[in-house]
Every structure is written in C-alpha cells, then in structure tokens.
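Notes to accompany the following structure.
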Amino acid sequence: MTRRGDPEHDHVITALATHGLALIDNVTTRVDLLRLARSIMLTIPHRDSDSDGVTTLTDLGKAAVPSGFAGFSASALAPHTDCSGTASPPALLMMNCSMGATSGGRCVLVDGQAVHDHLAEFEPEAIGAFRAQRSVLFGGASGYLGSILTDVGGGRVVLRLRLDELARFSPEVMRWLPALREAIERHAVEFDLAVGQGYILDNHRWLHGRTAFTGRRVVHRIHGDPLPELGIVTGLRSTTSPDAT
C-alpha cells in the first residue's frame, strides 16, 4: 500500500492529475484503505456509507432492487458517474476489492475525455445538446436538474451521467443518446480486480460500471474531493468551451 511521501504515492497523485485515473494495489484492510484515501482526498459521506465514509458494495440478494440501489445487486451496472442527482458530485471515487466474484464482476471504465473528443470530432451538435442547461433531470423528482456537460470555467467541463430510469432527458438530448452510447462502448475498457486491488478516478471525467457477476463479490467505495495542496484539477478539457484556453 502506498503512503504519503512514498514514490508510489507520488505516482498515484501524478496519474490522477494527468490521466484522472490511478490503479492501486496491496490495500487489504479497511485501515489501509482509509489511510490511503485520507492522504489524497477530503472524504465525503454517502447515503449508503458507514460513518467513516466507506460504503460496502455487495449483492444483498433482494428479489427486487429499488431504483438507485443496483450497486447492491449482482446485476450489471452501465457506465456512469456517481452522485449525479446531487448539486455537487464528489470529484474523486475510490474502489477497492476485498472479495472477488465467482464469475463476472469485471470493472468497466470509460474515459469521458475520449468520449467527449470523439463526439466533438464526429458529432459536434451532440456536444451542444449535452451542454444545454436544464436538459437532464438526474436522480428522480427530488434530484438535480442540469446537463451532461457543465462548463465550470477555465476551459474545464464536468461530466455528469447516468443512463438508467433515474435520468430524464430533453428531446434534443434524447436525439443524441445513441451517438453517446456508441462512443461510450467504443472507449470502454474491462478488467478484473484481485483482492487488494482497486482504482481512484476523477468522478468529473471518468465513467465506471461493472459486468454482472455470481458469488459474493465485495468492493469498498469512498467518495471525496482532492486535498487542495495536491493541485489535482478534475473534469474534462473542452476546446468548445467559451472559456477554453
């Protein structure tokens, strides 16, 4: 496990700052997981987390899973950003495996920068639709009314996305969803996590999901925002933004 000041820890910070994604290994206890998380981020409690901010994701075996709780099932999860229904989604997401599935349960990651750049080149009208204010209702009636792409200044854009029943899209956005899905599929990467392995990603840039699985797969999740002194800037670079440099 990396510790603050170690070369491996510096590598994690550099990977996050450069690519928005860092792989982690040898994190085998909850204490180690929290130590690593707190050396990188200010942790943010979640609806489903324990008091320390750690959420345990596993199949609870319920016959019917309520909307928004698919993480506690064995079903596949389409690539998405976390907490899309909140006004300020956490910038960072950490996932770590403590028990592997019998079969399936492969991680699915998609670089939103690659998706954005693909659409900007081949379907530029889609980018305009996805930046339109108040064009998507995330999280149901009590959720957040916003957009898939939100300009935050300085040529940066925050990606916010879910493609399940808890997202309602305007007709113009609906028009471009097939192109978005195709771009996501084109740039999706799948891989397995062994016990003690995981990743930290920029939740304003990367989409994450998983394939369906069997067995008792257990993954721990932590949300947070980067420690200010680390200088990690999250989100996408957008050459189409009025503030782009």
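Scheme for the structure tokens: letters A, B, ... for chains in order shown; per-chain residue numbers from 1; ligand numbers from 1 in order shown.
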
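For range 194-200 of chain A, the set of protein, DNA and RNA residues having any atom at most 7 Å away, when counting only C-alpha atoms and skipping those fewer than 5 positions along the same chain, is Leu21, Ala22, Leu23, Ile24, Asp25, Asn26, Val27, Thr28, Leu92, Leu93, Met94, Met95, Asn96, Cys97, Ser98, Met99 and Gly100 of chain A.
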
I'd like to know which residues of range 57-162 of chain A are strand (DSSP E) (by DSSP, run on the backbone); could you write them as a PDB file with N, CA, C and O atoms, in the first residue's frame?
```pdb
ATOM      1  N   LEU A  57     -20.089  -2.475  -1.035  1.00  0.00           N
ATOM      2  CA  LEU A  57     -20.940  -2.853  -2.151  1.00  0.00           C
ATOM      3  C   LEU A  57     -20.880  -4.363  -2.349  1.00  0.00           C
ATOM      4  O   LEU A  57     -19.818  -4.922  -2.636  1.00  0.00           O
ATOM      5  N   LEU A  77     -23.872  -3.001 -14.126  1.00  0.00           N
ATOM      6  CA  LEU A  77     -24.080  -1.563 -13.953  1.00  0.00           C
ATOM      7  C   LEU A  77     -23.518  -0.855 -15.177  1.00  0.00           C
ATOM      8  O   LEU A  77     -22.338  -0.997 -15.499  1.00  0.00           O
ATOM      9  N   ALA A  78     -24.369  -0.096 -15.869  1.00  0.00           N
ATOM     10  CA  ALA A  78     -23.903   0.666 -17.022  1.00  0.00           C
ATOM     11  C   ALA A  78     -22.932   1.750 -16.563  1.00  0.00           C
ATOM     12  O   ALA A  78     -23.054   2.276 -15.442  1.00  0.00           O
ATOM     13  N   PRO A  79     -21.953   2.090 -17.383  1.00  0.00           N
ATOM     14  CA  PRO A  79     -21.009   3.145 -17.003  1.00  0.00           C
ATOM     15  C   PRO A  79     -21.725   4.447 -16.642  1.00  0.00           C
ATOM     16  O   PRO A  79     -22.640   4.890 -17.335  1.00  0.00           O
ATOM     17  N   HIS A  80     -21.291   5.069 -15.545  1.00  0.00           N
ATOM     18  CA  HIS A  80     -21.962   6.247 -15.006  1.00  0.00           C
ATOM     19  C   HIS A  80     -20.985   7.026 -14.137  1.00  0.00           C
ATOM     20  O   HIS A  80     -19.917   6.528 -13.784  1.00  0.00           O
ATOM     21  N   LEU A  92     -13.666  12.822  -6.604  1.00  0.00           N
ATOM     22  CA  LEU A  92     -12.899  11.588  -6.658  1.00  0.00           C
ATOM     23  C   LEU A  92     -13.714  10.400  -6.158  1.00  0.00           C
ATOM     24  O   LEU A  92     -14.573  10.543  -5.280  1.00  0.00           O
ATOM     25  N   LEU A  93     -13.422   9.255  -6.709  1.00  0.00           N
ATOM     26  CA  LEU A  93     -14.047   7.991  -6.321  1.00  0.00           C
ATOM     27  C   LEU A  93     -12.954   6.946  -6.167  1.00  0.00           C
ATOM     28  O   LEU A  93     -12.126   6.779  -7.067  1.00  0.00           O
ATOM     29  N   MET A  94     -12.938   6.254  -5.034  1.00  0.00           N
ATOM     30  CA  MET A  94     -12.009   5.152  -4.810  1.00  0.00           C
ATOM     31  C   MET A  94     -12.793   3.867  -4.679  1.00  0.00           C
ATOM     32  O   MET A  94     -13.796   3.805  -3.960  1.00  0.00           O
ATOM     33  N   MET A  95     -12.349   2.816  -5.390  1.00  0.00           N
ATOM     34  CA  MET A  95     -12.942   1.488  -5.298  1.00  0.00           C
ATOM     35  C   MET A  95     -11.836   0.491  -4.987  1.00  0.00           C
ATOM     36  O   MET A  95     -10.743   0.567  -5.568  1.00  0.00           O
ATOM     37  N   ASN A  96     -12.124  -0.461  -4.104  1.00  0.00           N
ATOM     38  CA  ASN A  96     -11.120  -1.449  -3.726  1.00  0.00           C
ATOM     39  C   ASN A  96     -11.787  -2.793  -3.466  1.00  0.00           C
ATOM     40  O   ASN A  96     -12.813  -2.866  -2.781  1.00  0.00           O
ATOM     41  N   CYS A  97     -11.215  -3.848  -4.026  1.00  0.00           N
ATOM     42  CA  CYS A  97     -11.804  -5.180  -3.932  1.00  0.00           C
ATOM     43  C   CYS A  97     -11.308  -5.906  -2.683  1.00  0.00           C
ATOM     44  O   CYS A  97     -10.101  -6.004  -2.454  1.00  0.00           O
ATOM     45  N   SER A  98     -12.241  -6.422  -1.886  1.00  0.00           N
ATOM     46  CA  SER A  98     -11.859  -7.236  -0.732  1.00  0.00           C
ATOM     47  C   SER A  98     -12.300  -8.687  -0.887  1.00  0.00           C
ATOM     48  O   SER A  98     -11.875  -9.544  -0.119  1.00  0.00           O
ATOM     49  N   MET A  99     -13.146  -8.979  -1.908  1.00  0.00           N
ATOM     50  CA  MET A  99     -13.522 -10.355  -2.219  1.00  0.00           C
ATOM     51  C   MET A  99     -13.969 -10.420  -3.673  1.00  0.00           C
ATOM     52  O   MET A  99     -14.833  -9.651  -4.091  1.00  0.00           O
ATOM     53  N   SER A 103     -17.682 -15.598 -10.711  1.00  0.00           N
ATOM     54  CA  SER A 103     -17.522 -15.319 -12.136  1.00  0.00           C
ATOM     55  C   SER A 103     -18.076 -13.937 -12.429  1.00  0.00           C
ATOM     56  O   SER A 103     -18.961 -13.451 -11.723  1.00  0.00           O
ATOM     57  N   GLY A 104     -17.567 -13.296 -13.472  1.00  0.00           N
ATOM     58  CA  GLY A 104     -18.044 -11.966 -13.840  1.00  0.00           C
ATOM     59  C   GLY A 104     -17.546 -10.895 -12.889  1.00  0.00           C
ATOM     60  O   GLY A 104     -16.527 -11.040 -12.220  1.00  0.00           O
ATOM     61  N   CYS A 107     -14.617  -4.865 -13.882  1.00  0.00           N
ATOM     62  CA  CYS A 107     -14.757  -3.415 -13.870  1.00  0.00           C
ATOM     63  C   CYS A 107     -14.864  -2.906 -15.302  1.00  0.00           C
ATOM     64  O   CYS A 107     -14.205  -3.420 -16.209  1.00  0.00           O
ATOM     65  N   VAL A 108     -15.682  -1.900 -15.487  1.00  0.00           N
ATOM     66  CA  VAL A 108     -15.819  -1.231 -16.787  1.00  0.00           C
ATOM     67  C   VAL A 108     -15.522   0.252 -16.571  1.00  0.00           C
ATOM     68  O   VAL A 108     -16.222   0.917 -15.801  1.00  0.00           O
ATOM     69  N   LEU A 109     -14.481   0.744 -17.210  1.00  0.00           N
ATOM     70  CA  LEU A 109     -14.113   2.159 -17.100  1.00  0.00           C
ATOM     71  C   LEU A 109     -14.119   2.803 -18.486  1.00  0.00           C
ATOM     72  O   LEU A 109     -13.736   2.169 -19.472  1.00  0.00           O
ATOM     73  N   VAL A 110     -14.556   4.058 -18.526  1.00  0.00           N
ATOM     74  CA  VAL A 110     -14.622   4.805 -19.780  1.00  0.00           C
ATOM     75  C   VAL A 110     -14.082   6.210 -19.525  1.00  0.00           C
ATOM     76  O   VAL A 110     -14.597   6.919 -18.644  1.00  0.00           O
ATOM     77  N   ASP A 111     -13.091   6.609 -20.293  1.00  0.00           N
ATOM     78  CA  ASP A 111     -12.533   7.957 -20.162  1.00  0.00           C
ATOM     79  C   ASP A 111     -13.472   8.951 -20.848  1.00  0.00           C
ATOM     80  O   ASP A 111     -13.598   8.968 -22.077  1.00  0.00           O
ATOM     81  N   VAL A 136     -31.407  17.787 -18.419  1.00  0.00           N
ATOM     82  CA  VAL A 136     -31.497  16.440 -17.858  1.00  0.00           C
ATOM     83  C   VAL A 136     -31.884  16.538 -16.385  1.00  0.00           C
ATOM     84  O   VAL A 136     -31.332  17.356 -15.646  1.00  0.00           O
ATOM     85  N   LEU A 137     -32.835  15.696 -15.974  1.00  0.00           N
ATOM     86  CA  LEU A 137     -33.173  15.564 -14.558  1.00  0.00           C
ATOM     87  C   LEU A 137     -32.539  14.281 -14.052  1.00  0.00           C
ATOM     88  O   LEU A 137     -32.915  13.181 -14.459  1.00  0.00           O
ATOM     89  N   PHE A 138     -31.552  14.424 -13.188  1.00  0.00           N
ATOM     90  CA  PHE A 138     -30.837  13.287 -12.622  1.00  0.00           C
ATOM     91  C   PHE A 138     -31.404  12.936 -11.251  1.00  0.00           C
ATOM     92  O   PHE A 138     -31.619  13.821 -10.418  1.00  0.00           O
ATOM     93  N   TYR A 144     -31.488  16.409  -9.357  1.00  0.00           N
ATOM     94  CA  TYR A 144     -30.800  17.623  -9.811  1.00  0.00           C
ATOM     95  C   TYR A 144     -31.104  17.854 -11.287  1.00  0.00           C
ATOM     96  O   TYR A 144     -30.944  16.952 -12.115  1.00  0.00           O
ATOM     97  N   LEU A 145     -31.530  19.077 -11.615  1.00  0.00           N
ATOM     98  CA  LEU A 145     -31.815  19.453 -12.993  1.00  0.00           C
ATOM     99  C   LEU A 145     -30.588  20.161 -13.557  1.00  0.00           C
ATOM    100  O   LEU A 145     -30.231  21.253 -13.111  1.00  0.00           O
ATOM    101  N   GLY A 146     -29.943  19.525 -14.511  1.00  0.00           N
ATOM    102  CA  GLY A 146     -28.707  20.096 -15.042  1.00  0.00           C
ATOM    103  C   GLY A 146     -28.440  19.641 -16.452  1.00  0.00           C
ATOM    104  O   GLY A 146     -29.346  19.607 -17.284  1.00  0.00           O
ATOM    105  N   LEU A 149     -22.898  17.818 -19.664  1.00  0.00           N
ATOM    106  CA  LEU A 149     -21.638  18.557 -19.634  1.00  0.00           C
ATOM    107  C   LEU A 149     -21.894  19.939 -19.054  1.00  0.00           C
ATOM    108  O   LEU A 149     -22.748  20.667 -19.554  1.00  0.00           O
ATOM    109  N   THR A 150     -21.156  20.301 -18.022  1.00  0.00           N
ATOM    110  CA  THR A 150     -21.333  21.594 -17.362  1.00  0.00           C
ATOM    111  C   THR A 150     -20.034  22.377 -17.404  1.00  0.00           C
ATOM    112  O   THR A 150     -19.009  21.933 -16.871  1.00  0.00           O
ATOM    113  N   ASP A 151     -20.044  23.543 -18.041  1.00  0.00           N
ATOM    114  CA  ASP A 151     -18.859  24.403 -18.068  1.00  0.00           C
ATOM    115  C   ASP A 151     -18.614  24.978 -16.679  1.00  0.00           C
ATOM    116  O   ASP A 151     -19.517  25.536 -16.056  1.00  0.00           O
ATOM    117  N   VAL A 152     -17.376  24.860 -16.201  1.00  0.00           N
ATOM    118  CA  VAL A 152     -17.036  25.384 -14.880  1.00  0.00           C
ATOM    119  C   VAL A 152     -15.943  26.441 -14.962  1.00  0.00           C
ATOM    120  O   VAL A 152     -15.415  26.868 -13.935  1.00  0.00           O
ATOM    121  N   GLY A 153     -15.639  26.887 -16.181  1.00  0.00           N
ATOM    122  CA  GLY A 153     -14.641  27.935 -16.352  1.00  0.00           C
ATOM    123  C   GLY A 153     -13.248  27.391 -16.585  1.00  0.00           C
ATOM    124  O   GLY A 153     -12.944  26.237 -16.287  1.00  0.00           O
ATOM    125  N   ARG A 156     -12.615  24.092 -18.504  1.00  0.00           N
ATOM    126  CA  ARG A 156     -12.919  22.811 -17.872  1.00  0.00           C
ATOM    127  C   ARG A 156     -14.418  22.557 -17.908  1.00  0.00           C
ATOM    128  O   ARG A 156     -15.238  23.467 -17.816  1.00  0.00           O
ATOM    129  N   VAL A 157     -14.754  21.285 -18.013  1.00  0.00           N
ATOM    130  CA  VAL A 157     -16.147  20.838 -18.075  1.00  0.00           C
ATOM    131  C   VAL A 157     -16.303  19.651 -17.133  1.00  0.00           C
ATOM    132  O   VAL A 157     -15.438  18.767 -17.085  1.00  0.00           O
ATOM    133  N   VAL A 158     -17.388  19.611 -16.393  1.00  0.00           N
ATOM    134  CA  VAL A 158     -17.707  18.482 -15.515  1.00  0.00           C
ATOM    135  C   VAL A 158     -18.694  17.566 -16.233  1.00  0.00           C
ATOM    136  O   VAL A 158     -19.708  18.025 -16.766  1.00  0.00           O
ATOM    137  N   LEU A 159     -18.374  16.290 -16.255  1.00  0.00           N
ATOM    138  CA  LEU A 159     -19.246  15.270 -16.835  1.00  0.00           C
ATOM    139  C   LEU A 159     -20.142  14.705 -15.743  1.00  0.00           C
ATOM    140  O   LEU A 159     -19.679  14.368 -14.654  1.00  0.00           O
TER     141      LEU A 159
END
```

For the atom pair CA of Pro171 in chain A and CA of Ser84 in chain A, what is the interatomic distance in Å to one decimal place?
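Those two atoms sit 19.6 Å apart.
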
Mind the document's chain letters and residue numbers, and return as a PyMOL selection string the residues of range 18-196 of chain A that DSSP labels alpha helix (DSSP H).
chain A and resi 18-19+30-38+112-122+124-131+171-187

Residues from last step as file, C-alpha atoms, as a PDB file, in the first residue's frame:
```
ATOM      1  CA  THR A  18      -2.512  13.663 -15.618  1.00  0.00           C
ATOM      2  CA  HIS A  19      -4.995  10.965 -16.579  1.00  0.00           C
ATOM      3  CA  ARG A  30     -10.096  -1.050   5.928  1.00  0.00           C
ATOM      4  CA  VAL A  31      -7.437   0.833   7.900  1.00  0.00           C
ATOM      5  CA  ASP A  32      -5.102   0.859   4.880  1.00  0.00           C
ATOM      6  CA  LEU A  33      -7.958   1.906   2.586  1.00  0.00           C
ATOM      7  CA  LEU A  34      -8.870   4.871   4.769  1.00  0.00           C
ATOM      8  CA  ARG A  35      -5.235   5.878   5.286  1.00  0.00           C
ATOM      9  CA  LEU A  36      -4.687   5.998   1.536  1.00  0.00           C
ATOM     10  CA  ALA A  37      -7.960   7.824   0.892  1.00  0.00           C
ATOM     11  CA  ARG A  38      -7.255  10.473   3.524  1.00  0.00           C
ATOM     12  CA  GLY A 112     -15.047  10.759 -20.608  1.00  0.00           C
ATOM     13  CA  GLN A 113     -12.331  12.862 -22.230  1.00  0.00           C
ATOM     14  CA  ALA A 114     -12.051  10.301 -25.042  1.00  0.00           C
ATOM     15  CA  VAL A 115     -15.842  10.197 -25.406  1.00  0.00           C
ATOM     16  CA  HIS A 116     -16.057  13.995 -25.478  1.00  0.00           C
ATOM     17  CA  ASP A 117     -13.282  14.320 -28.051  1.00  0.00           C
ATOM     18  CA  HIS A 118     -14.827  11.609 -30.246  1.00  0.00           C
ATOM     19  CA  LEU A 119     -18.189  13.369 -30.263  1.00  0.00           C
ATOM     20  CA  ALA A 120     -16.602  16.787 -30.780  1.00  0.00           C
ATOM     21  CA  GLU A 121     -14.940  15.450 -33.924  1.00  0.00           C
ATOM     22  CA  PHE A 122     -17.730  13.334 -35.394  1.00  0.00           C
ATOM     23  CA  PRO A 124     -20.288  18.254 -32.732  1.00  0.00           C
ATOM     24  CA  GLU A 125     -24.005  19.031 -32.439  1.00  0.00           C
ATOM     25  CA  ALA A 126     -24.194  16.443 -29.675  1.00  0.00           C
ATOM     26  CA  ILE A 127     -21.758  18.438 -27.564  1.00  0.00           C
ATOM     27  CA  GLY A 128     -24.018  21.482 -27.803  1.00  0.00           C
ATOM     28  CA  ALA A 129     -27.040  19.424 -26.773  1.00  0.00           C
ATOM     29  CA  PHE A 130     -25.196  17.883 -23.838  1.00  0.00           C
ATOM     30  CA  ARG A 131     -24.094  21.329 -22.593  1.00  0.00           C
ATOM     31  CA  PRO A 171     -35.941  15.644 -26.599  1.00  0.00           C
ATOM     32  CA  GLU A 172     -32.788  17.245 -28.010  1.00  0.00           C
ATOM     33  CA  VAL A 173     -30.547  15.251 -25.677  1.00  0.00           C
ATOM     34  CA  MET A 174     -32.530  12.082 -26.428  1.00  0.00           C
ATOM     35  CA  ARG A 175     -31.743  12.611 -30.105  1.00  0.00           C
ATOM     36  CA  TRP A 176     -28.035  12.224 -29.427  1.00  0.00           C
ATOM     37  CA  LEU A 177     -28.081   9.409 -26.846  1.00  0.00           C
ATOM     38  CA  PRO A 178     -27.408   6.682 -29.460  1.00  0.00           C
ATOM     39  CA  ALA A 179     -24.231   8.511 -30.505  1.00  0.00           C
ATOM     40  CA  LEU A 180     -23.245   8.878 -26.849  1.00  0.00           C
ATOM     41  CA  ARG A 181     -23.829   5.200 -26.130  1.00  0.00           C
ATOM     42  CA  GLU A 182     -21.790   4.231 -29.196  1.00  0.00           C
ATOM     43  CA  ALA A 183     -18.895   6.446 -28.116  1.00  0.00           C
ATOM     44  CA  ILE A 184     -19.017   5.029 -24.581  1.00  0.00           C
ATOM     45  CA  GLU A 185     -18.945   1.463 -25.913  1.00  0.00           C
ATOM     46  CA  ARG A 186     -16.067   2.339 -28.256  1.00  0.00           C
ATOM     47  CA  HIS A 187     -13.894   3.620 -25.411  1.00  0.00           C
TER      48      HIS A 187
END
```

Spatial neighbours of Ala212 in chain A, 8 Å, only C-alpha atoms, chain gap at least 3 places, as a ChimeraX atom specification:
/A:74-77,104-106

Atom pair CA of Met41 in chain A + CA of Ile13 in chain A, distance 10.6 Å

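With only C-alpha atoms as the atoms that count, the residue of A:Glu190, A:Ala167, A:Thr29, A:Asp10 with the shortest distance to Val54 in chain A is A:Thr29.
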